[in-house]
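This report concerns only the one structure given below.
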Amino acid sequence: MREPSLLRFYVSREWLNKFNTFAEPGPITNHTFLCSHGGIPPNKYHYIDDLVVILPQNVWEHLYNRLRVSLSASPPAPCRFGGGPAVNHLYVCSVCQVEIEALAKRRRIEIDTFIKLNKAFQAEESPSVIFCISMQWFREWEAFVKGKDNEPPGPIDNSRIAQVKGGGHIQLKQGADYGQISEETWAYLHGLYGGGPEIAVRQSVAQPQDLDGLHGEQKIEAETRAL
């Protein structure tokens with residue numbers, strides 16, 4: 001290590017600990033601090049010094065080309081540590097940074113739109129139709145838009161709260177774990193994630209009518225049919 005070297009190599013501290021501890025640490029792997037694009041994920045860059053060890057070129061080459069006994073081979077055979085990839089420069093991955101910013105924007109748009117639509121729904125005194133959504137799926141979506149889960153949920157799955165009646169009519173299952181949302185909110189979420197089935201509860205309130213009103217309705221109905 002005292003020999004002068006023009007290049008320095010970064011090696012995973014985790015792998016080097018295995019090298020110092022185990023008889024067979026396996027090939028060098030630097031993927032513990034690299035992303036799939038070969039850079040440093042933005043969320044790891046601020047503590048990258050805890051994840052890597054700097055080695056001179058000759059030490060890197062010694063480790064990379066050093067023979068080891070592969071106990072998994074039958075019979076056991078010598079082979080190089082190999083692995084990698086070789087890392088001479090640490091940089092924040094711009095591709096990951098763009099993806100993170102796009103994901104943050106998506107989350108912000110989805111949660112802001114939901115809040116806006118739900119606020120309008122809460123202001124309705126007597127909505128004519130209420131859509132039902134599985135709380136299991138909704139909790140997964142909520143964890144995603146709040147940044148608690150990195151992966152977005154799959155398609156809306158209302159199968160747990162739905163039951164099929166005669167004629168194939170889908171109704172809300174009694175005692176189901178569901179939430180109530182507006183038609184506009186359902187259309188928004190369904191447009192993003194798809195899935196189903198759609199479960200709508202329609203409000204039908206019978207109003208007392210006088211005789212003149214009844215005749216008027218019958219007349220309108222007859223005119224509508226004529227048209």
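Identifiers in this document derive from the order of the structure tokens: chains are assigned A, B, ..., residues are numbered from 1 separately in each chain, and ligands are numbered from 1 in order of occurrence.
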Distance query stretch 161-177 of chain A at most 12 Å, only C-alpha atoms, self and fewer than 4 positions along chain excluded, as a list of chain:residue names: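 Here the qualifying residues turn out to be A:Ile130, A:Phe131, A:Cys132, A:Ile133, A:Ser134, A:Met135, A:Gln136, A:Trp137, A:Phe138, A:Arg139, A:Ile156, A:Asp157, A:Gly196, A:Pro197, A:Glu198, A:Ile199, A:Ala200, A:Val201, A:Arg202.
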Backbone DSSP call of strand (DSSP E) for chain A, listed as a PyMOL selection string: chain A and resi 8-12+28-29+52-56+67-70+77-80+83-84+129-134+156-157+162-164+170-172+178-181+195-196+200-202
Rows by chain and residue number, stretch 73-170 of chain A within 7 Å of stretch 29-48 of chain A, shortest pair, only C-alpha atoms, as CSV:
residue,atom,partner,partner_atom,distance
A:Gly83,CA,A:Thr29,CA,5.8
A:Gly84,CA,A:Thr29,CA,5.1
A:Pro85,CA,A:Asn30,CA,6.3
A:Leu90,CA,A:Ile40,CA,6.7
A:Tyr91,CA,A:Gly39,CA,5.8
A:Val92,CA,A:Ile40,CA,4.8
A:Cys93,CA,A:Gly39,CA,4.6
A:Cys96,CA,A:Pro41,CA,6.4
A:Gln97,CA,A:Pro42,CA,6.3
Produce a file of the selected residues containing N, CA, C and O atoms, as a PDB file, in the first residue's frame.
ATOM      1  N   GLY A  83     -15.285 -10.122  -9.606  1.00  0.00           N
ATOM      2  CA  GLY A  83     -16.429  -9.315  -9.180  1.00  0.00           C
ATOM      3  C   GLY A  83     -16.272  -7.873  -9.596  1.00  0.00           C
ATOM      4  O   GLY A  83     -15.716  -7.554 -10.641  1.00  0.00           O
ATOM      5  N   GLY A  84     -16.750  -6.991  -8.744  1.00  0.00           N
ATOM      6  CA  GLY A  84     -16.665  -5.573  -9.060  1.00  0.00           C
ATOM      7  C   GLY A  84     -18.035  -4.912  -8.954  1.00  0.00           C
ATOM      8  O   GLY A  84     -18.842  -5.294  -8.099  1.00  0.00           O
ATOM      9  N   PRO A  85     -18.327  -3.968  -9.809  1.00  0.00           N
ATOM     10  CA  PRO A  85     -17.442  -3.402 -10.840  1.00  0.00           C
ATOM     11  C   PRO A  85     -16.381  -2.484 -10.241  1.00  0.00           C
ATOM     12  O   PRO A  85     -16.497  -2.047  -9.102  1.00  0.00           O
ATOM     13  N   LEU A  90     -16.590   8.527  -7.479  1.00  0.00           N
ATOM     14  CA  LEU A  90     -17.906   8.495  -6.857  1.00  0.00           C
ATOM     15  C   LEU A  90     -18.705   9.717  -7.307  1.00  0.00           C
ATOM     16  O   LEU A  90     -18.237  10.845  -7.187  1.00  0.00           O
ATOM     17  N   TYR A  91     -19.879   9.477  -7.830  1.00  0.00           N
ATOM     18  CA  TYR A  91     -20.728  10.586  -8.301  1.00  0.00           C
ATOM     19  C   TYR A  91     -22.195  10.224  -8.085  1.00  0.00           C
ATOM     20  O   TYR A  91     -22.584   9.052  -8.102  1.00  0.00           O
ATOM     21  N   VAL A  92     -22.997  11.255  -7.867  1.00  0.00           N
ATOM     22  CA  VAL A  92     -24.428  11.043  -7.710  1.00  0.00           C
ATOM     23  C   VAL A  92     -25.024  10.692  -9.071  1.00  0.00           C
ATOM     24  O   VAL A  92     -24.755  11.361 -10.067  1.00  0.00           O
ATOM     25  N   CYS A  93     -25.839   9.661  -9.110  1.00  0.00           N
ATOM     26  CA  CYS A  93     -26.438   9.228 -10.366  1.00  0.00           C
ATOM     27  C   CYS A  93     -27.521  10.219 -10.797  1.00  0.00           C
ATOM     28  O   CYS A  93     -28.512  10.423 -10.096  1.00  0.00           O
ATOM     29  N   CYS A  96     -30.995   8.446 -11.479  1.00  0.00           N
ATOM     30  CA  CYS A  96     -31.754   8.211 -10.243  1.00  0.00           C
ATOM     31  C   CYS A  96     -32.341   9.508  -9.704  1.00  0.00           C
ATOM     32  O   CYS A  96     -33.461   9.527  -9.188  1.00  0.00           O
ATOM     33  N   GLN A  97     -31.570  10.608  -9.827  1.00  0.00           N
ATOM     34  CA  GLN A  97     -32.045  11.895  -9.331  1.00  0.00           C
ATOM     35  C   GLN A  97     -33.291  12.342 -10.082  1.00  0.00           C
ATOM     36  O   GLN A  97     -34.265  12.810  -9.477  1.00  0.00           O
TER      37      GLN A  97
END
Could you list, as a PyMOL selection string, every residue within 12 Å of stretch 11-23 of chain A, counting only C-alpha atoms and ignoring same-chain residues fewer than 2 positions away? chain A and resi 8-9+25-34+48-57+59-61+63-64+66+68-71+81+83-90
In Å to one decimal, how far is atom CA of A:Gly191 from atom CA of A:Gln122?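 Here the two named atoms are 21.5 Å from each other.
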Can you tell me, as JSON, numbers by chain, which residues in stretch 7-214 of chain A count as alpha helix (DSSP H) by DSSP? {"A": [13, 14, 15, 16, 17, 18, 19, 20, 21, 57, 58, 59, 60, 61, 62, 63, 64, 65, 94, 95, 96, 97, 98, 99, 100, 101, 102, 103, 104, 105, 106, 107, 108, 109, 110, 111, 112, 113, 114, 115, 116, 117, 118, 119, 120, 121, 122, 123, 135, 136, 137, 138, 139, 140, 141, 142, 143, 144, 145, 183, 184, 185, 186, 187, 188, 189, 190, 191, 192, 193, 211, 212, 213, 214]}
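Atom CA of A:Trp141 sits 26.1 Å away from atom CA of A:Ser128.
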Across A:Val129, A:Leu189, A:Ile100, A:Val95, the smallest distance to A:Pro153, with only C-alpha atoms counted, is shown by A:Leu189
Could you tell me how far atom CA of A:Leu117 lies from atom CA of A:Gly194, in Å and to one decimal?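 The value is 18.1 Å.
Minimum atom-to-atom distance to A:Arg160, evaluated using only C-alpha atoms, belongs to A:Tyr178 out of A:Val98, A:Tyr178, A:Arg108, A:Ala143.
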